[in-house]
Amino acid sequence: MNEHILSFATSIGELMLRSGAETYRVEDTITRILSIHNFDRIDTFVTPTMITTAITINDVTVATDMRRIVDRSTRLDKIELLNQLSRDYVSGKYSLDEARAKVKEIDATPPYPFSHILWITGVSTASFSLMFNGGLFEFCVSFAVGCLAAYVQEFLRTKKIVKYLTLFILSFMIIAIIVPISDIFDASLDAMIIGCIMILVPGVAFTNSIRDTIGDELLSGISRGVEALCIAIVLAVGVSVPMSIYMTIGGVLR
């Protein structure tokens with residue numbers, strides 16, 4: 001029975017971490033679930049790539065569960081559902097078997113339709129271009145390039161291309177399209193670049209890094225910070241290379 005309880009708690013933590021939750025939130029959720037049972041000690045250690053949980057009764061560690069996290073994404077909807085499930089379980093609303101079934105149900109929750117993601121990405125990039133003093137032309141170009149970037153990103157994801165290579169390809173493609181358009185039509189290069197690149201900026205990773213560091217989760221904070229830094233470097237290279245090539249062949253940056 002203890003093993004089933006531990007497995008359930010760790011499964012919730014694993015799914016939360018794979019969905020982009022902060023490590024402190026995962027640790028807190030696992031601890032809260034296990035704390036309603038008669039365990040003398042609960043030890044939970046979470047990093048962005050691993051969860052280790054152990055329960056102790058009468059000074060004897062009776063069970064340990066370890067999960068390796070390979071794939072991570074951002075699914076805030078799943079995090080919200082799992083947060084609520086953990087609270088409902090602690091309050092006694094669900095039995096262990098019912099809660100385990102709910103975890104499987106949440107895990108099977110489909111992502112948003114790709115058509116929605118396509119339009120949302122386009123609107124986001126176009127809106128960012130307006131925020132940086134772009135006009136109607138910049139809005140339309142940013143919308144089209146944003147939709148194209150979302151399509152290419154989904155294609156590369158299905159081919160299981162490494163994340164950093166995907167980001168380089170996307171940033172290179174965005175700049176390679178926008179720079180000539182800006183030169184030919186005398187449009188605002190800054191507004192279009194910032195608007196389109198903004199969707200690739202590692203905002204969640206950077207925010208989680210700061211939050212984990214503030215919460216004394218130093219290992220997680222540093223690792224997420226390094227991840228955000230690596231993404232920023234890849235984006236910088238992806239932006240600068242096509243710009244340099246364009247200027248080398250005689251183009252003008254406006």
# chains A, B, ... in the order shown; residues from 1 in each chain; ligands from 1
call {"tool": "residues_around", "arguments": {"residues": "Met192 (chain A)", "least_positions_apart": "2", "cutoff": "8 Å", "atoms": "only C-alpha atoms", "output": "MDAnalysis selection string"}}
result
chainID A and resid 126 129 134 138:139 141:142 178 188:190 194:196
call {"tool": "write_last_selection", "arguments": {"atoms": "N, CA and C atoms", "output": "short mmCIF file (atom, residue, chain, number, x, y, z; two decimals), in the first residue's frame"}}
result
data_model
loop_
_atom_site.label_atom_id
_atom_site.label_comp_id
_atom_site.auth_asym_id
_atom_site.auth_seq_id
_atom_site.Cartn_x
_atom_site.Cartn_y
_atom_site.Cartn_z
N ALA A 126 2.34 39.56 -34.26
CA ALA A 126 1.85 40.81 -34.84
C ALA A 126 1.61 41.86 -33.77
N SER A 129 4.80 43.39 -32.54
CA SER A 129 5.35 44.37 -33.48
C SER A 129 4.69 45.73 -33.30
N GLY A 134 5.52 49.39 -34.55
CA GLY A 134 5.27 48.93 -35.90
C GLY A 134 3.93 49.45 -36.41
N GLU A 138 3.99 46.22 -40.84
CA GLU A 138 4.77 45.38 -39.91
C GLU A 138 3.86 44.36 -39.23
N PHE A 139 2.64 44.78 -38.91
CA PHE A 139 1.67 43.88 -38.28
C PHE A 139 1.39 42.68 -39.19
N VAL A 141 3.15 41.52 -41.82
CA VAL A 141 4.34 40.69 -42.05
C VAL A 141 4.63 39.83 -40.83
N SER A 142 4.56 40.42 -39.65
CA SER A 142 4.84 39.68 -38.42
C SER A 142 3.82 38.56 -38.22
N ILE A 178 12.58 38.45 -42.85
CA ILE A 178 12.22 39.81 -42.46
C ILE A 178 13.20 40.85 -43.00
N SER A 188 9.88 48.90 -40.68
CA SER A 188 10.60 48.91 -39.41
C SER A 188 11.17 47.53 -39.12
N LEU A 189 12.48 47.40 -39.26
CA LEU A 189 13.13 46.11 -39.03
C LEU A 189 13.04 45.71 -37.56
N ASP A 190 13.27 46.67 -36.67
CA ASP A 190 13.26 46.37 -35.23
C ASP A 190 11.92 45.82 -34.78
N ILE A 194 11.71 42.00 -33.33
CA ILE A 194 11.35 41.81 -31.92
C ILE A 194 10.02 41.08 -31.81
N GLY A 195 9.05 41.46 -32.64
CA GLY A 195 7.75 40.82 -32.58
C GLY A 195 7.81 39.33 -32.85
N CYS A 196 8.61 38.93 -33.84
CA CYS A 196 8.67 37.51 -34.20
C CYS A 196 9.59 36.70 -33.29
#
call {"tool": "residues_around", "arguments": {"residues": "region 46-61 of chain A", "least_positions_apart": "4", "cutoff": "7 Å", "atoms": "only C-alpha atoms", "output": "number ranges by chain"}}
result
A: 17, 23, 27, 39-42, 65-70, 220
call {"tool": "write_last_selection", "arguments": {"atoms": "N, CA and C atoms", "output": "PDB file, in the first residue's frame"}}
result
ATOM      1  N   LEU A  17       6.154  18.290 -13.517  1.00  0.00           N
ATOM      2  CA  LEU A  17       7.478  18.724 -13.969  1.00  0.00           C
ATOM      3  C   LEU A  17       7.578  18.659 -15.487  1.00  0.00           C
ATOM      4  N   THR A  23      10.184  23.569  -9.594  1.00  0.00           N
ATOM      5  CA  THR A  23      10.570  22.448  -8.731  1.00  0.00           C
ATOM      6  C   THR A  23       9.987  22.594  -7.331  1.00  0.00           C
ATOM      7  N   GLU A  27       7.804  19.708  -5.408  1.00  0.00           N
ATOM      8  CA  GLU A  27       8.159  19.200  -4.081  1.00  0.00           C
ATOM      9  C   GLU A  27       7.025  19.426  -3.089  1.00  0.00           C
ATOM     10  N   PHE A  39       3.326   8.620   7.755  1.00  0.00           N
ATOM     11  CA  PHE A  39       4.759   8.442   7.530  1.00  0.00           C
ATOM     12  C   PHE A  39       5.525   9.334   8.499  1.00  0.00           C
ATOM     13  N   ASP A  40       6.572   8.778   9.077  1.00  0.00           N
ATOM     14  CA  ASP A  40       7.362   9.557  10.032  1.00  0.00           C
ATOM     15  C   ASP A  40       8.198  10.622   9.336  1.00  0.00           C
ATOM     16  N   ARG A  41       8.624  10.323   8.133  1.00  0.00           N
ATOM     17  CA  ARG A  41       9.481  11.268   7.418  1.00  0.00           C
ATOM     18  C   ARG A  41       9.245  11.144   5.921  1.00  0.00           C
ATOM     19  N   ILE A  42       9.250  12.292   5.258  1.00  0.00           N
ATOM     20  CA  ILE A  42       9.075  12.350   3.806  1.00  0.00           C
ATOM     21  C   ILE A  42      10.222  13.159   3.225  1.00  0.00           C
ATOM     22  N   ASP A  65      11.046   6.087  -4.589  1.00  0.00           N
ATOM     23  CA  ASP A  65      10.633   6.148  -5.994  1.00  0.00           C
ATOM     24  C   ASP A  65      11.468   7.208  -6.702  1.00  0.00           C
ATOM     25  N   MET A  66      11.962   6.864  -7.883  1.00  0.00           N
ATOM     26  CA  MET A  66      12.788   7.788  -8.665  1.00  0.00           C
ATOM     27  C   MET A  66      12.256   7.845 -10.089  1.00  0.00           C
ATOM     28  N   ARG A  67      12.132   9.053 -10.606  1.00  0.00           N
ATOM     29  CA  ARG A  67      11.638   9.238 -11.971  1.00  0.00           C
ATOM     30  C   ARG A  67      12.607  10.129 -12.746  1.00  0.00           C
ATOM     31  N   ARG A  68      12.938   9.711 -13.956  1.00  0.00           N
ATOM     32  CA  ARG A  68      13.803  10.492 -14.845  1.00  0.00           C
ATOM     33  C   ARG A  68      12.916  11.275 -15.802  1.00  0.00           C
ATOM     34  N   ILE A  69      13.110  12.582 -15.860  1.00  0.00           N
ATOM     35  CA  ILE A  69      12.308  13.447 -16.721  1.00  0.00           C
ATOM     36  C   ILE A  69      13.089  13.717 -18.002  1.00  0.00           C
ATOM     37  N   VAL A  70      12.557  13.259 -19.122  1.00  0.00           N
ATOM     38  CA  VAL A  70      13.244  13.415 -20.404  1.00  0.00           C
ATOM     39  C   VAL A  70      12.622  14.545 -21.220  1.00  0.00           C
ATOM     40  N   SER A 220      18.283  23.667  -9.032  1.00  0.00           N
ATOM     41  CA  SER A 220      17.282  23.858 -10.074  1.00  0.00           C
ATOM     42  C   SER A 220      17.372  25.254 -10.673  1.00  0.00           C
TER      43      SER A 220
END
call {"tool": "residues_around", "arguments": {"residues": "Ile169 (chain A)", "least_positions_apart": "5", "cutoff": "9 Å", "atoms": "only C-alpha atoms", "output": "ChimeraX atom specification"}}
result
/A:153,164,174,238
call {"tool": "closest_residue", "arguments": {"among": "A:Ala205, A:Ile193, A:Ala176, A:Ile210", "to": "Val241 (chain A)", "atoms": "only C-alpha atoms"}}
result
A:Ala176
call {"tool": "atom_distance", "arguments": {"atom1": "CA of Trp119 (chain A)", "atom2": "CA of Cys147 (chain A)"}}
result
6.6 Å
call {"tool": "closest_residue", "arguments": {"among": "A:Ile184, A:Ala149, A:Val90, A:Leu229", "to": "Arg32 (chain A)", "atoms": "only C-alpha atoms"}}
result
A:Val90
call {"tool": "decode", "arguments": {"residues": "region 19-170 of chain A", "atoms": "C-alpha atoms", "output": "short mmCIF file (atom, residue, chain, number, x, y, z; two decimals), in the first residue's frame"}}
result
data_model
loop_
_atom_site.label_atom_id
_atom_site.label_comp_id
_atom_site.auth_asym_id
_atom_site.auth_seq_id
_atom_site.Cartn_x
_atom_site.Cartn_y
_atom_site.Cartn_z
CA SER A 19 4.36 20.21 -17.96
CA GLY A 20 6.73 23.00 -16.93
CA ALA A 21 6.03 23.41 -13.21
CA GLU A 22 8.61 24.91 -10.87
CA THR A 23 10.57 22.45 -8.73
CA TYR A 24 9.36 24.01 -5.47
CA ARG A 25 5.76 23.48 -6.58
CA VAL A 26 6.44 19.83 -7.42
CA GLU A 27 8.16 19.20 -4.08
CA ASP A 28 5.36 20.93 -2.18
CA THR A 29 2.66 18.94 -3.99
CA ILE A 30 4.33 15.58 -3.37
CA THR A 31 4.94 16.42 0.29
CA ARG A 32 1.34 17.56 0.84
CA ILE A 33 -0.06 14.37 -0.67
CA LEU A 34 2.16 12.11 1.42
CA SER A 35 1.73 14.14 4.62
CA ILE A 36 -1.87 12.95 5.15
CA HIS A 37 -0.59 9.40 5.59
CA ASN A 38 1.17 8.05 8.65
CA PHE A 39 4.76 8.44 7.53
CA ASP A 40 7.36 9.56 10.03
CA ARG A 41 9.48 11.27 7.42
CA ILE A 42 9.08 12.35 3.81
CA ASP A 43 12.08 13.24 1.68
CA THR A 44 11.61 14.72 -1.78
CA PHE A 45 14.38 15.91 -4.07
CA VAL A 46 13.41 17.47 -7.39
CA THR A 47 15.56 18.84 -10.20
CA PRO A 48 14.37 19.77 -13.70
CA THR A 49 15.37 16.30 -14.91
CA MET A 50 14.73 13.99 -11.94
CA ILE A 51 12.43 13.31 -9.00
CA THR A 52 13.47 11.22 -6.00
CA THR A 53 11.04 10.56 -3.15
CA ALA A 54 11.44 8.39 -0.05
CA ILE A 55 9.12 7.61 2.87
CA THR A 56 10.27 6.48 6.31
CA ILE A 57 8.39 4.64 9.07
CA ASN A 58 9.99 3.92 12.46
CA ASP A 59 13.36 5.18 11.22
CA VAL A 60 13.32 2.70 8.34
CA THR A 61 13.02 3.80 4.72
CA VAL A 62 10.21 1.59 3.50
CA ALA A 63 9.93 2.82 -0.08
CA THR A 64 11.79 5.00 -2.57
CA ASP A 65 10.63 6.15 -5.99
CA MET A 66 12.79 7.79 -8.67
CA ARG A 67 11.64 9.24 -11.97
CA ARG A 68 13.80 10.49 -14.84
CA ILE A 69 12.31 13.45 -16.72
CA VAL A 70 13.24 13.42 -20.40
CA ASP A 71 10.63 15.47 -22.24
CA ARG A 72 9.48 18.84 -20.90
CA SER A 73 6.98 21.27 -22.33
CA THR A 74 4.74 24.10 -21.17
CA ARG A 75 1.23 22.87 -20.32
CA LEU A 76 -0.17 25.25 -17.74
CA ASP A 77 -3.60 23.65 -18.10
CA LYS A 78 -2.25 20.34 -16.82
CA ILE A 79 -0.45 22.05 -13.94
CA GLU A 80 -3.69 23.71 -12.88
CA LEU A 81 -5.63 20.42 -13.03
CA LEU A 82 -2.95 18.55 -11.09
CA ASN A 83 -2.79 21.28 -8.45
CA GLN A 84 -6.54 21.02 -7.95
CA LEU A 85 -6.41 17.21 -7.92
CA SER A 86 -3.76 17.19 -5.18
CA ARG A 87 -5.89 19.52 -3.05
CA ASP A 88 -9.01 17.44 -3.61
CA TYR A 89 -7.13 14.27 -2.67
CA VAL A 90 -5.73 15.81 0.51
CA SER A 91 -9.21 17.04 1.48
CA GLY A 92 -10.59 13.51 1.05
CA LYS A 93 -12.68 14.15 -2.05
CA TYR A 94 -11.04 11.27 -3.95
CA SER A 95 -9.84 7.85 -2.90
CA LEU A 96 -6.38 6.68 -3.97
CA ASP A 97 -7.74 4.65 -6.89
CA GLU A 98 -9.97 7.50 -8.05
CA ALA A 99 -7.10 9.97 -7.86
CA ARG A 100 -4.80 7.67 -9.83
CA ALA A 101 -7.46 7.40 -12.52
CA LYS A 102 -7.73 11.19 -12.60
CA VAL A 103 -3.96 11.48 -13.10
CA LYS A 104 -4.17 9.21 -16.15
CA GLU A 105 -7.09 11.26 -17.44
CA ILE A 106 -5.17 14.53 -17.04
CA ASP A 107 -2.08 13.02 -18.66
CA ALA A 108 -4.19 12.09 -21.69
CA THR A 109 -5.54 15.64 -22.05
CA PRO A 110 -4.90 16.62 -25.67
CA PRO A 111 -3.01 19.82 -26.46
CA TYR A 112 -4.72 22.77 -28.05
CA PRO A 113 -5.54 22.18 -31.74
CA PHE A 114 -2.65 23.18 -33.97
CA SER A 115 -4.90 25.56 -35.90
CA HIS A 116 -5.47 27.50 -32.67
CA ILE A 117 -1.74 27.56 -31.91
CA LEU A 118 -1.06 28.79 -35.44
CA TRP A 119 -3.44 31.73 -35.16
CA ILE A 120 -2.47 32.60 -31.60
CA THR A 121 1.21 32.64 -32.56
CA GLY A 122 0.48 34.88 -35.53
CA VAL A 123 -1.59 37.30 -33.47
CA SER A 124 1.06 37.34 -30.72
CA THR A 125 3.94 38.19 -33.06
CA ALA A 126 1.85 40.81 -34.84
CA SER A 127 0.79 42.38 -31.55
CA PHE A 128 4.37 42.53 -30.31
CA SER A 129 5.35 44.37 -33.48
CA LEU A 130 2.72 47.01 -32.73
CA MET A 131 4.05 47.39 -29.19
CA PHE A 132 7.43 48.32 -30.65
CA ASN A 133 6.08 51.08 -32.90
CA GLY A 134 5.27 48.93 -35.90
CA GLY A 135 2.52 49.89 -38.33
CA LEU A 136 -0.05 47.98 -40.36
CA PHE A 137 2.56 46.64 -42.76
CA GLU A 138 4.77 45.38 -39.91
CA PHE A 139 1.67 43.88 -38.28
CA CYS A 140 0.77 41.88 -41.40
CA VAL A 141 4.34 40.69 -42.05
CA SER A 142 4.84 39.68 -38.42
CA PHE A 143 1.54 37.79 -38.46
CA ALA A 144 2.51 35.83 -41.58
CA VAL A 145 6.05 35.09 -40.37
CA GLY A 146 4.74 34.09 -36.93
CA CYS A 147 2.32 31.60 -38.47
CA LEU A 148 5.10 30.20 -40.66
CA ALA A 149 7.40 29.87 -37.63
CA ALA A 150 4.70 27.98 -35.71
CA TYR A 151 4.21 25.61 -38.64
CA VAL A 152 7.95 24.95 -39.03
CA GLN A 153 8.34 24.48 -35.27
CA GLU A 154 5.58 21.86 -35.23
CA PHE A 155 7.16 20.11 -38.23
CA LEU A 156 10.57 20.01 -36.53
CA ARG A 157 8.96 18.74 -33.32
CA THR A 158 7.42 15.79 -35.16
CA LYS A 159 10.88 15.00 -36.56
CA LYS A 160 12.28 15.07 -32.98
CA ILE A 161 14.90 17.69 -33.83
CA VAL A 162 17.00 18.85 -30.88
CA LYS A 163 15.48 21.90 -29.18
CA TYR A 164 18.49 24.16 -29.64
CA LEU A 165 18.82 23.31 -33.32
CA THR A 166 15.10 23.99 -33.74
CA LEU A 167 15.49 27.42 -32.15
CA PHE A 168 18.47 28.23 -34.37
CA ILE A 169 16.58 27.21 -37.51
CA LEU A 170 13.53 29.25 -36.51
#
